[in-house]
Amino acid sequence: MIPAQFEYVAPTTVEDALAALAEGGEDAKVLAGGQSLLPVLRMRLNAPSLVVDLGRIESLRGVRDDGDAIVIGAMTTHSEVFHDPLVNEHATLLVKAIEQLADPQVRHRGTFGGALAHADPAGDLGAPVLAMGATFTIAGAGGSRTVAADDFFQGLLTTVIEDGELLTEVRVPKFTGWGAHYEKFVRVHHQWPIVAVAAAVRTEGGTIAEARVGLTNMGLTPLRARSVEAALAGQPATDEAVRAAAASATEGTHPPSDLNGDADYRRHVATVLTRRAVLAAAGA
Amino acid sequence: MTVTDEVSTGSTGGPREVGSARRRKEDQRLITGRTKWTDNIQLPGMLHIAMVRSPFAHARITHIDTSAAKSAPNVVTVLTGQEVSEEQGVLANAWPITPDQVAPVHPPIAVDRVTFAGEVVAVVVARSAAEARDAAELVDVDYDELPAALDLKEAAEDKVLAHPDLGTNKSALWVFDSAEAGTGGAVDEAIDKARTDGIVLEREYRQQRLIPAFMEPRSVVVDPTGEQITMWSATQIPHILRYLLAATTGVSESKIRVIAPDVGGGFGGKLQSTPEEWITFLAARRTGRPVKYTETRSESLMAAHHGRDQWQRLTLAATKDGTVTGLKVDLLADLGSYVSLVGGGVPVLGAFMFNAIYKFPAYQFKVQTVLTNKAWTDAYRGAGRPEATFAIERLMDELAHELGVDPLEIREKNWIKHEEFPFTTVAGLEYDTGNYEQATAEAKRIFGYDELRAEQQRRREANDPVQLGIGVSTFTEMCGLAPSRVLGQLSYGAGGWEHASVRMLPTGKVEVITGASAHGQGHETAWSQIVADRLGVAFEDVEVLHGDTQISHKGLDTYGSRSLVVGGEALVKAADKVIEKARPIAAHLLEASVDDLEFKDGSFGVRGTDKGIAMADLAAAAFTGHNLPDGVEPTLDSDATYDPVNFSYPHGTHLCAVEIDTETGGLTMRKYTAVDDVGTIVNPLIVEGQLHGGLVQGIAQALFEEAVYDDSGTLVSASFVDYLVPTAADTISFDLGTSVTPSTTNSLGTKGVGEAGTIASTPAVVNAVVDALRPFGVSDVRMPCTPERIWKAIHTGGGTEPTEKDAMPHFDENDVADRTDGASA
Ligand SMILES: Cc1cc2nc3c(=O)[nH]c(=O)nc-3n(C[C@H](O)[C@H](O)[C@H](O)COP(=O)(O)OP(=O)(O)OC[C@H]3O[C@@H](n4cnc5c(N)ncnc54)[C@H](O)[C@@H]3O)c2cc1C
């Protein structure tokens with residue numbers, strides 16, 4: 001498990017990182033926590049000529065308050081996000097998802113931005129950020145642009161981030177006071193989800209006022225279950241009502257088939273998990 | 001766990017080491033990793049190997065261009081099978097199970113044809129591991145793909161040949177028949193009779209392919225400098241390895257030293273002579289330089305040997321009251337592409353165990369071993385016995401279900417009663433001791449069997465979406481390999497004895513040498529405890545040496561739960577010889593008659609006096625030799641080689657409760673109770689550790705692990721992302737109990753424990769799964785019992801189709817509609 005040779009730079013500013021990427025061209029690769037990239041390099045599935053390590057860029061780390069949103073730096077580790085007070089107050093859904101993401105070692109190394117940039121359809125962060133309508137800040141040679149979560153994920157392991165660009169931060173609207181739950185279905189704990197459902201729910205009395213639902217590993221990208229969200233609005237937070245709304249969770253999904261289950265099975269599981277996630281988020 | 005206190009510890013009467021839960025001496029270095037793993041070894045001028053492996057399951061090698069690799073930086077040489085065919089030796093099969101067994105020649109580097117995806121086709125030797133790897137990418141191999149024999153059942157029909165030149169995939173047909181052997185009746189008669197007035201159950205079970213997945217990948221270093229060629233290898237079998245290297249390479253055995261330094265687990269997976277060892281040996285001899293090869297995890301999963309992989313067709317005959325009258329077993333066993341060291345013999349190790357703890361009057365066992373174009377199979381924890389135990393324990397549950405009685409009741413009706421020991425079984429083995437009633441009663445008590453059955457009933461009646469299943473496994477196994485005479489009758493290529501030496505050092509410390517080669521089991525601790533009791537020396541004063549053929553010159557290594565029951569007995573005998581050698585010296589120094597001496601707590605005393613002399617002083621006396629009786633050798637050091645008189649038969653009752661989420665097929669283990677009889681317990685902590693690990697490995701077969709090939713013969717479960725090895729997070733706390741009936745075939749009374757947990761647990765778990773699903777008309781779920789399989793079983797009332805179809809992950813949504821469930825049984 002020895003990677004092919006590559007050049008390595010560890011700049012301390014975003015500008016220097018962008019300059020290095022520009023120089024490296026399409027054979028350059030960004031290194032964040034390395035939890036997805038290093039296995040790929042070691043198995044020689046990819047052999048970049050230049051690796052640009054973002055680990056020393058302090059400005060990419062940490063979580064800050066930005067009025068109606070919190071902003072999470074791309075290089076903030078899963079573990080830092082998990083323990084962050086702002087995240088715990090305003091974006092509980094992320095906490096619930098990260099709690100079940102991989103194992104402590106990986107959570108201490110892997111980063112929020114790295115996981116989203118990697119865009120594994122079975123990654124645990126895509127569905128929550130999609131459900132919460134986050135926006136992504138992407139820096140490039142010509143400056144920064146922001147992209148809505150709906151447009152960020154393009155396909156299997158593909159996002160709108162272009163060669164020479166960097167994801168710098170993710171802006172997550174505040175969901176203060178919302179209930180949240182991440183229902184992850186696995187066979188062993190350290191596994192990527194077979195299917196998972198992210199739900200955030202705002203209840204008024206016993207009624208679901210608003211709901212956000214995201215699906216993990218039900219297609220080439222994380223998916224937002226808008227028809228479930230619409231069906232839930234105004235419904236009582238009861239098993240019966242939520243079950244009916246959850247039935248449409250599979251609309252527009254294209255789940256994979258693999259050793260853990262075929263697509264039909266995943267569709268079935270998605271409806272069950274959607275019901276459970278929403279009910280748990282609603283505190284019912 | 002309770003500490004046994006009825007242990008006889010030889011002549012000492014002091015505080016006993018045997019039975020005490022000593023922390024393991026070796027753990028600090030093993031856990032911190034600050035020790036000599038093979039890959040840690042660095043020698044001056046050492047070269048490194050990278051392998052070029054076949055991506056195809058079956059192909060002719062038409063051309064290999066090594067020129068680019070040879071001219072890459074710091075590459076010393078590149079070897080191909082063609083170039084070294086004369087000198088590379090072959091990998092041996094040490095157990096031809098029948099005289100006419102068909103076995104292809106197994107070259108370390110493929111010469112003109114590759115027979116599984118992962119086989120070595122070229123070897124790059126360079127000054128650094130990175131340069132070797134880089135250059136390996138430059139080796140250009142042209143292949144002509146051949147059709148591959150992949151599916152076991154199809155391969156058994158010779159539709160596609162794994163080795164076209166052999167003309168068949170069928171390697172050997174091995175049969176045991178109780179009527180022919182004179183150990184029981186004719187099984188077909190029993191079945192015919194049961195068809196008219198009794199019950200006949202016919203079932204087919206699949207033992208999926210597994211990967212031993214030891215923690216330390218295999219690694220080998222060979223140093224050819226000096227008189228002897230030294231090989232360090234992460235192996236379970238340094239002694240056998242040395243013998244085989246000599247036998248197949250023409251190098252004199254006396255010129256080869258093999259060292260298994262600390263080895264990070266094996267589970268049978270390192271009970272092998274590997275192409276990688278032969279290649280490294282060859283490369284070191286060719287270059288005259290030390291050479292190292294350490295495999296990657298991907299290589300390990302792909303090309304270290306696999307385990308299990310059988311189809312089992314079973315016919316059980318019984319009377320209407322549930323008394324079994326006959327059992328017929330028909331196996332297909334997948335050898336993979338070569339007949340490995342003991343690969344063909346693995347199912348034969350199960351042949352004597354399908355009758356398990358029961359008094360079946362008639363029994364027949366047949367196994368057809370079959371060659372395919374997959375990684376070769378061989379021993380994996382339990383080797384043959386888990387397969388047997390699974391089959392019979394599943395069948396006993398089926399019989400109980402058929403009759404509508406409790407599964408423990410049907411077992412009790414058929415098992416050997418405790419007063420019937422020693423008992424000769426229908427397979428011809430003599431079980432020395434056991435008490436199935438006691439182990440079962442204790443297990444039921446700890447488990448809360450009746451309460452859980454009541455809860456199960458409530459959940460069933462309430463149509464609870466979470467159903468409870470209770471699984472039973474009352475197992476025994478044969479281990480402690482093995483009486484040499486029996487191995488000879490089975491055409492095995494070696495004996496089954498073990499060797500031990502005890503060296504009394506002049507400072508009073510003791511060195512123990514054992515031929516058993518530990519790879520994580522805790523021999524150093526257990527052996528120290530035995531010697532401490534036997535010779536009355538301090539536990540800390542005993543040093544246990546093993547795994548180096550220059551130090552431990554004689555041995556047959558560690559596998560088959562043999563180390564303590566065979567090697568421990570050799571140690572007892574060697575220690576007893578030390579006492580006998582010391583006795584005349586003690587008498588001389590005490591000026592007493594030998595007959596008046598008494599050995600106790602490490603000292604010889606003269607009966608009726610307070611005169612005495614300690615073992616340490618006698619060791620010093622022997623060392624100086626200043627004052628010894630005439631004609632007495634100036635040494636206390638002693639050796640013993642012990643050939644066991646019988647196998648060892650641990651047994652136990654395992655009870656498992658699982659909760660099944662019928663909405664998703666998700667499974668949660670609720671409770672697992674195991675009451676094992678492993679005879680006298682030398683160290684309860686080690687026994688618990690062996691059981692915990694064993695249980696998890698058996699549970700993993702039931703629920704998680706499967707080596708899956710796609711239909712081109714590529715291993716799909718080729719990383720730990722897809723080959724699901726459970727971790728501590730995936731297991732529950734096990735409730736262990738003991739029931740002790742000391743073995744009568746060794747002086748400590750021990751029985752093997754290394755494989756017991758694995759052998760027992762798999763059927764307990766699957767029985768629990770099936771038990772939970774009985775209300776849905778389910779009678780089998782194929783292993784591993786994934787949530788998908790469980791869910792589909794619930795919704796179709798049947799079994800499940802093979803996983804091969806979904807082997808390659810894919811996203812094609814049109815492809816998924818036609819998946820229908822066929823029953824597997
Ligand atoms: C054993 C194990 C188990 C895991 N289990 C899970 C799990 O259950 N759920 C889950 O969601 N994940 C899991 N992961 C993945 C984990 O979340 C990774 O941390 C994550 O996918 C990648 O983050 P990273 O910071 O390590 O990124 P890296 O591996 O460094 O990079 C990943 C990719 O993103 C690119 N990239 C990284 N940062 C940026 C950036 N700022 N701008 C542009 N491109 C960038 C890199 O070039 C690379 O292509 C697991 C990983 C391991 C090793």
# chains A, B, ... in the order shown; residues from 1 in each chain; ligands from 1
call {"tool": "residues_around", "arguments": {"residues": "Ala244 of chain A", "least_positions_apart": "2", "cutoff": "12 Å", "atoms": "only C-alpha atoms", "output": "VMD selection string"}}
result
chain A and resid 227 to 232 235 to 242 246 to 249 271 to 272 274 to 275 278
call {"tool": "closest_atom_pairs", "arguments": {"of": "chain B", "to": "ligand 1", "cutoff": "12 Å", "atoms": "only C-alpha atoms and all ligand atoms", "output": "tab-separated table"}}
result
residue	atom	partner	partner_atom_place_in_ligand_line	distance
B:Ser719	CA	ligand 1	1 (C)	10.7
B:Phe720	CA	ligand 1	1 (C)	8.5
B:Val721	CA	ligand 1	1 (C)	7.7
B:Asp722	CA	ligand 1	1 (C)	11.4
B:Leu724	CA	ligand 1	1 (C)	11.7
call {"tool": "residues_around", "arguments": {"residues": "Pro222 of chain A", "least_positions_apart": "3", "cutoff": "10 Å", "atoms": "only C-alpha atoms", "output": "PyMOL selection string"}}
result
chain A and resi 119-131+149-150+153-156+196-197+214-219+225+253
call {"tool": "write_last_selection", "arguments": {"atoms": "N, CA, C and O atoms", "output": "short mmCIF file (atom, residue, chain, number, x, y, z; two decimals), in the first residue's frame"}}
result
data_model
loop_
_atom_site.label_atom_id
_atom_site.label_comp_id
_atom_site.auth_asym_id
_atom_site.auth_seq_id
_atom_site.Cartn_x
_atom_site.Cartn_y
_atom_site.Cartn_z
N ALA A 119 -18.05 13.76 -1.71
CA ALA A 119 -19.37 13.47 -2.28
C ALA A 119 -19.66 11.99 -2.49
O ALA A 119 -20.19 11.58 -3.52
N ASP A 120 -19.28 11.19 -1.52
CA ASP A 120 -19.65 9.78 -1.55
C ASP A 120 -21.16 9.70 -1.34
O ASP A 120 -21.68 10.29 -0.38
N PRO A 121 -21.88 9.00 -2.21
CA PRO A 121 -23.34 8.94 -2.03
C PRO A 121 -23.73 8.31 -0.69
O PRO A 121 -24.82 8.54 -0.19
N ALA A 122 -22.81 7.52 -0.11
CA ALA A 122 -23.09 6.94 1.19
C ALA A 122 -22.52 7.78 2.33
O ALA A 122 -22.57 7.38 3.49
N GLY A 123 -21.99 8.95 2.01
CA GLY A 123 -21.46 9.83 3.06
C GLY A 123 -22.59 10.34 3.93
O GLY A 123 -23.71 10.56 3.47
N ASP A 124 -22.29 10.53 5.21
CA ASP A 124 -23.35 10.86 6.15
C ASP A 124 -23.67 12.35 6.25
O ASP A 124 -24.61 12.74 6.93
N LEU A 125 -22.86 13.20 5.61
CA LEU A 125 -23.10 14.63 5.80
C LEU A 125 -23.93 15.26 4.69
O LEU A 125 -24.54 16.31 4.88
N GLY A 126 -23.94 14.62 3.52
CA GLY A 126 -24.64 15.21 2.38
C GLY A 126 -26.12 15.42 2.65
O GLY A 126 -26.66 16.53 2.44
N ALA A 127 -26.79 14.37 3.11
CA ALA A 127 -28.24 14.48 3.32
C ALA A 127 -28.58 15.55 4.35
O ALA A 127 -29.48 16.37 4.11
N PRO A 128 -27.87 15.63 5.47
CA PRO A 128 -28.20 16.71 6.42
C PRO A 128 -27.99 18.11 5.85
O PRO A 128 -28.86 18.97 6.01
N VAL A 129 -26.86 18.35 5.16
CA VAL A 129 -26.65 19.72 4.66
C VAL A 129 -27.65 20.05 3.55
O VAL A 129 -28.09 21.19 3.42
N LEU A 130 -28.01 19.04 2.80
CA LEU A 130 -29.01 19.24 1.75
C LEU A 130 -30.36 19.58 2.38
O LEU A 130 -31.04 20.53 1.99
N ALA A 131 -30.72 18.79 3.39
CA ALA A 131 -32.01 19.01 4.05
C ALA A 131 -32.06 20.40 4.69
O ALA A 131 -33.10 21.05 4.70
N ALA A 149 -26.93 24.11 -1.80
CA ALA A 149 -26.76 22.66 -1.62
C ALA A 149 -27.43 21.90 -2.74
O ALA A 149 -26.89 20.89 -3.22
N ASP A 150 -28.59 22.39 -3.20
CA ASP A 150 -29.29 21.68 -4.27
C ASP A 150 -28.45 21.55 -5.53
O ASP A 150 -28.65 20.64 -6.33
N PHE A 153 -24.10 19.00 -5.33
CA PHE A 153 -23.79 17.61 -5.67
C PHE A 153 -24.19 17.33 -7.11
O PHE A 153 -25.35 17.52 -7.48
N GLN A 154 -23.24 16.88 -7.90
CA GLN A 154 -23.51 16.71 -9.33
C GLN A 154 -23.68 15.25 -9.74
O GLN A 154 -24.36 14.97 -10.71
N GLY A 155 -23.06 14.37 -9.06
CA GLY A 155 -23.14 12.96 -9.47
C GLY A 155 -22.26 12.15 -8.55
O GLY A 155 -21.82 12.64 -7.50
N LEU A 156 -22.00 10.91 -8.96
CA LEU A 156 -21.18 10.02 -8.13
C LEU A 156 -19.81 10.66 -7.87
O LEU A 156 -19.06 10.92 -8.82
N ALA A 196 -29.62 5.88 4.89
CA ALA A 196 -29.85 6.68 6.09
C ALA A 196 -30.80 7.81 5.75
O ALA A 196 -30.90 8.20 4.58
N VAL A 197 -31.49 8.27 6.77
CA VAL A 197 -32.44 9.37 6.57
C VAL A 197 -32.17 10.44 7.61
O VAL A 197 -32.07 10.15 8.81
N GLY A 214 -33.70 14.47 4.30
CA GLY A 214 -32.67 14.15 3.32
C GLY A 214 -32.38 12.65 3.33
O GLY A 214 -32.49 12.01 4.38
N LEU A 215 -32.03 12.12 2.17
CA LEU A 215 -31.79 10.67 2.06
C LEU A 215 -30.33 10.41 1.69
O LEU A 215 -29.79 11.04 0.78
N THR A 216 -29.73 9.47 2.37
CA THR A 216 -28.34 9.08 2.09
C THR A 216 -28.32 7.74 1.36
O THR A 216 -29.02 6.80 1.78
N ASN A 217 -27.51 7.67 0.32
CA ASN A 217 -27.29 6.43 -0.43
C ASN A 217 -28.54 5.91 -1.12
O ASN A 217 -28.75 4.72 -1.25
N MET A 218 -29.35 6.84 -1.58
CA MET A 218 -30.54 6.44 -2.35
C MET A 218 -30.42 6.91 -3.79
O MET A 218 -31.39 6.95 -4.53
N GLY A 219 -29.22 7.24 -4.19
CA GLY A 219 -28.96 7.67 -5.56
C GLY A 219 -27.51 8.04 -5.68
O GLY A 219 -26.71 7.79 -4.77
N ALA A 225 -36.01 14.72 0.15
CA ALA A 225 -37.33 14.12 -0.05
C ALA A 225 -38.39 15.20 0.08
O ALA A 225 -39.11 15.28 1.07
N THR A 253 -35.86 8.30 -6.43
CA THR A 253 -34.59 7.74 -5.93
C THR A 253 -34.04 6.71 -6.92
O THR A 253 -34.80 6.09 -7.68
#
call {"tool": "select_by_dssp", "arguments": {"residues": "segment 9-251 of chain A", "states": "strand (DSSP E)", "output": "compact mmCIF listing (two decimals) with C-alpha atoms, in the first residue's frame"}}
result
# COMPACT_ATOMS: atom_id res chain seq x y z
CA VAL A 9 3.03 21.29 -0.49
CA ALA A 28 -3.05 18.32 -8.51
CA LYS A 29 -5.14 16.99 -5.65
CA VAL A 30 -6.33 18.65 -2.47
CA LEU A 31 -5.64 16.83 0.79
CA LEU A 50 0.97 17.21 -6.65
CA VAL A 51 -0.82 17.01 -3.32
CA VAL A 52 -1.83 20.31 -1.72
CA ASP A 53 -2.36 19.77 1.99
CA VAL A 63 -17.28 27.41 13.31
CA ARG A 64 -18.57 31.00 13.53
CA ASP A 65 -21.90 32.71 14.05
CA ASP A 66 -23.16 34.67 11.08
CA ALA A 69 -26.64 30.98 9.92
CA ILE A 70 -23.54 29.32 11.25
CA VAL A 71 -20.48 28.97 9.07
CA ILE A 72 -18.33 25.87 9.24
CA GLY A 73 -14.80 26.03 7.87
CA THR A 135 -24.72 27.03 0.88
CA PHE A 136 -21.16 26.27 -0.15
CA THR A 137 -18.40 28.83 -0.62
CA ILE A 138 -15.94 27.83 -3.29
CA ALA A 139 -12.75 29.79 -3.86
CA GLY A 140 -10.96 29.87 -7.19
CA GLY A 143 -12.46 34.84 -6.44
CA SER A 144 -15.20 33.13 -4.49
CA ARG A 145 -18.63 31.93 -5.47
CA THR A 146 -21.45 30.47 -3.45
CA VAL A 147 -23.49 27.48 -4.48
CA ALA A 148 -26.73 26.21 -2.99
CA PHE A 153 -23.79 17.61 -5.67
CA GLN A 154 -23.51 16.71 -9.33
CA GLY A 155 -23.14 12.96 -9.47
CA THR A 158 -18.71 14.71 -8.22
CA THR A 159 -19.54 18.24 -7.10
CA LEU A 166 -11.32 24.90 -3.09
CA LEU A 167 -14.31 24.50 -0.88
CA THR A 168 -13.62 27.00 1.90
CA GLU A 169 -16.73 27.02 4.05
CA VAL A 170 -20.28 25.84 4.38
CA ARG A 171 -23.04 28.14 5.56
CA VAL A 172 -25.75 26.30 7.43
CA PRO A 173 -28.98 28.20 8.24
CA GLY A 179 -35.99 18.57 16.51
CA ALA A 180 -33.54 16.47 14.54
CA HIS A 181 -32.70 12.84 13.99
CA TYR A 182 -30.40 10.83 11.76
CA GLU A 183 -31.56 7.27 11.24
CA LYS A 184 -28.68 5.22 9.87
CA PHE A 185 -29.04 1.60 8.83
CA VAL A 195 -29.45 3.75 3.72
CA ALA A 196 -29.85 6.68 6.09
CA VAL A 197 -32.44 9.37 6.57
CA ALA A 198 -31.84 12.84 8.00
CA ALA A 199 -34.85 14.64 9.40
CA ALA A 200 -35.32 18.05 11.02
CA VAL A 201 -38.77 18.90 12.26
CA ARG A 202 -40.35 22.01 13.74
CA THR A 203 -43.39 21.12 15.75
CA GLU A 204 -46.13 23.35 17.09
CA THR A 207 -48.38 19.21 14.82
CA ILE A 208 -45.52 19.17 12.37
CA ALA A 209 -45.25 22.76 11.18
CA GLU A 210 -42.24 22.22 8.91
CA ALA A 211 -40.04 19.30 8.07
CA ARG A 212 -36.82 18.77 6.18
CA VAL A 213 -35.85 15.28 5.03
CA GLY A 214 -32.67 14.15 3.32
CA LEU A 215 -31.79 10.67 2.06
CA THR A 216 -28.34 9.08 2.09
CA LEU A 223 -31.35 13.49 -2.12
CA ARG A 224 -33.91 15.73 -0.56
call {"tool": "interface_residues", "arguments": {"of": "chain A", "to": "chain B", "cutoff": "10 Å", "atoms": "only C-alpha atoms", "output": "VMD selection string"}}
result
chain A and resid 1 to 5 42 to 44 103 185 to 192 218 to 220 253 to 266 268 to 273
call {"tool": "residues_around", "arguments": {"residues": "Arg206 of chain B", "least_positions_apart": "2", "cutoff": "10 Å", "atoms": "only C-alpha atoms", "output": "list in words"}}
result
Glu204, Gln208, Arg209, Arg308, Asp309, Gln310, Trp311, Gln312, Arg313, Leu331, Leu332, Glu387, Phe390, Ala391, Val781, Arg782, Met783, Pro784, Pro802, Ser824 and Ala825 of chain B
call {"tool": "closest_atom_pairs", "arguments": {"of": "segment 196-279 of chain B", "to": "segment 506-525 of chain B", "cutoff": "7 Å", "atoms": "only C-alpha atoms", "output": "JSON lines"}}
result
{"residue": "B:Gln236", "atom": "CA", "partner": "B:Ser517", "partner_atom": "CA", "distance": 6.1}
{"residue": "B:Ile237", "atom": "CA", "partner": "B:Ser517", "partner_atom": "CA", "distance": 6.7}
{"residue": "B:Asp262", "atom": "CA", "partner": "B:His519", "partner_atom": "CA", "distance": 6.4}
{"residue": "B:Val263", "atom": "CA", "partner": "B:His519", "partner_atom": "CA", "distance": 4.6}
{"residue": "B:Gly264", "atom": "CA", "partner": "B:His519", "partner_atom": "CA", "distance": 5.8}
{"residue": "B:Gly265", "atom": "CA", "partner": "B:His519", "partner_atom": "CA", "distance": 5.3}
{"residue": "B:Gly266", "atom": "CA", "partner": "B:His519", "partner_atom": "CA", "distance": 6.8}
call {"tool": "write_last_selection", "arguments": {"atoms": "all heavy atoms", "output": "mmCIF file, in the first residue's frame"}}
result
data_model
loop_
_atom_site.group_PDB
_atom_site.id
_atom_site.type_symbol
_atom_site.label_atom_id
_atom_site.label_comp_id
_atom_site.auth_asym_id
_atom_site.auth_seq_id
_atom_site.Cartn_x
_atom_site.Cartn_y
_atom_site.Cartn_z
ATOM 1 N N GLN B 236 2.093 -19.686 11.603
ATOM 2 C CA GLN B 236 1.740 -20.513 12.758
ATOM 3 C C GLN B 236 2.647 -21.725 12.861
ATOM 4 O O GLN B 236 2.611 -22.429 13.861
ATOM 5 C CB GLN B 236 0.294 -21.022 12.624
ATOM 6 C CG GLN B 236 -0.766 -19.959 12.702
ATOM 7 C CD GLN B 236 -2.170 -20.495 12.426
ATOM 8 O OE1 GLN B 236 -2.883 -19.936 11.631
ATOM 9 N NE2 GLN B 236 -2.573 -21.572 13.090
ATOM 10 N N ILE B 237 3.396 -22.020 11.777
ATOM 11 C CA ILE B 237 4.029 -23.339 11.699
ATOM 12 C C ILE B 237 5.514 -23.292 11.326
ATOM 13 O O ILE B 237 5.910 -23.835 10.302
ATOM 14 C CB ILE B 237 3.267 -24.229 10.693
ATOM 15 C CG1 ILE B 237 3.095 -23.502 9.344
ATOM 16 C CG2 ILE B 237 1.906 -24.644 11.249
ATOM 17 C CD1 ILE B 237 2.687 -24.436 8.199
ATOM 18 N N ASP B 262 7.022 -12.668 17.086
ATOM 19 C CA ASP B 262 5.635 -12.468 17.483
ATOM 20 C C ASP B 262 4.774 -12.406 16.228
ATOM 21 O O ASP B 262 5.131 -11.754 15.250
ATOM 22 C CB ASP B 262 5.504 -11.203 18.325
ATOM 23 C CG ASP B 262 5.865 -11.501 19.778
ATOM 24 O OD1 ASP B 262 5.617 -12.642 20.221
ATOM 25 O OD2 ASP B 262 6.404 -10.614 20.470
ATOM 26 N N VAL B 263 3.694 -13.134 16.276
ATOM 27 C CA VAL B 263 2.829 -13.267 15.109
ATOM 28 C C VAL B 263 1.431 -12.786 15.503
ATOM 29 O O VAL B 263 0.895 -13.208 16.530
ATOM 30 C CB VAL B 263 2.784 -14.733 14.617
ATOM 31 C CG1 VAL B 263 1.792 -14.894 13.469
ATOM 32 C CG2 VAL B 263 4.176 -15.185 14.180
ATOM 33 N N GLY B 264 0.889 -11.895 14.697
ATOM 34 C CA GLY B 264 -0.370 -11.243 15.046
ATOM 35 C C GLY B 264 -1.592 -11.970 14.558
ATOM 36 O O GLY B 264 -2.309 -11.524 13.684
ATOM 37 N N GLY B 265 -1.824 -13.127 15.137
ATOM 38 C CA GLY B 265 -3.038 -13.874 14.816
ATOM 39 C C GLY B 265 -2.854 -14.744 13.598
ATOM 40 O O GLY B 265 -1.969 -14.516 12.765
ATOM 41 N N GLY B 266 -3.660 -15.776 13.514
ATOM 42 C CA GLY B 266 -3.575 -16.689 12.388
ATOM 43 C C GLY B 266 -4.938 -17.293 12.065
ATOM 44 O O GLY B 266 -5.380 -17.258 10.944
#
call {"tool": "residues_around", "arguments": {"residues": "Gln697 of chain B", "least_positions_apart": "6", "cutoff": "10 Å", "atoms": "only C-alpha atoms", "output": "list in words"}}
result
Pro212, Phe267, Arg381, Leu691, Leu703, Phe704, Glu705, Val725, Pro726, Glu755, Gly757, Thr758, Ile759, Ser761 and Thr762 of chain B
call {"tool": "write_last_selection", "arguments": {"atoms": "C-alpha atoms", "output": "compact mmCIF listing (two decimals), in the first residue's frame"}}
result
# COMPACT_ATOMS: atom_id res chain seq x y z
CA PRO B 212 -9.38 -15.62 8.16
CA PHE B 267 -6.89 -18.48 12.92
CA ARG B 381 -10.69 -21.54 13.00
CA LEU B 691 -14.12 -17.88 24.00
CA LEU B 703 -24.27 -12.56 10.35
CA PHE B 704 -21.52 -10.58 8.66
CA GLU B 705 -18.73 -12.19 6.70
CA VAL B 725 -15.37 -8.09 10.21
CA PRO B 726 -17.27 -7.10 13.35
CA GLU B 755 -11.81 -23.15 18.41
CA GLY B 757 -16.44 -20.59 20.54
CA THR B 758 -16.31 -20.41 16.77
CA ILE B 759 -17.54 -23.94 16.30
CA SER B 761 -21.76 -20.09 17.97
CA THR B 762 -22.60 -20.04 14.27
call {"tool": "atom_distance", "arguments": {"atom1": "atom CA of Val632 of chain B", "atom2": "atom CA of Ser603 of chain B"}}
result
19.3 Å
call {"tool": "select_by_dssp", "arguments": {"residues": "segment 54-258 of chain A", "states": "alpha helix (DSSP H)", "output": "JSON, numbers by chain"}}
result
{"A": [78, 79, 80, 81, 82, 83, 85, 86, 87, 88, 89, 90, 92, 93, 94, 95, 96, 97, 98, 99, 104, 105, 106, 107, 108, 109, 112, 113, 114, 115, 116, 117, 118, 126, 127, 128, 129, 130, 131, 149, 150, 151, 152, 226, 227, 228, 229, 230, 231, 232, 239, 240, 241, 242, 243, 244, 245, 246]}
call {"tool": "residues_around", "arguments": {"residues": "Arg24 of chain B", "least_positions_apart": "6", "cutoff": "12 Å", "atoms": "only C-alpha atoms", "output": "count of residues only"}}
result
20
call {"tool": "atom_distance", "arguments": {"atom1": "atom CA of Ile57 of chain A", "atom2": "atom CA of Ala22 of chain A"}}
result
17.2 Å
call {"tool": "closest_atom_pairs", "arguments": {"of": "segment 95-137 of chain B", "to": "segment 359-379 of chain B", "cutoff": "8 Å", "atoms": "only C-alpha atoms", "output": "JSON lines"}}
result
{"residue": "B:Thr115", "atom": "CA", "partner": "B:Asn373", "partner_atom": "CA", "distance": 5.3}
{"residue": "B:Phe116", "atom": "CA", "partner": "B:Asn373", "partner_atom": "CA", "distance": 4.8}
{"residue": "B:Ala117", "atom": "CA", "partner": "B:Lys374", "partner_atom": "CA", "distance": 6.9}
{"residue": "B:Gly118", "atom": "CA", "partner": "B:Ala375", "partner_atom": "CA", "distance": 7.6}
call {"tool": "residues_around", "arguments": {"residues": "Gln35 of chain A", "least_positions_apart": "2", "cutoff": "6 Å", "atoms": "only C-alpha atoms", "output": "list in words"}}
result
Gly33, Leu37 and Gly110 of chain A
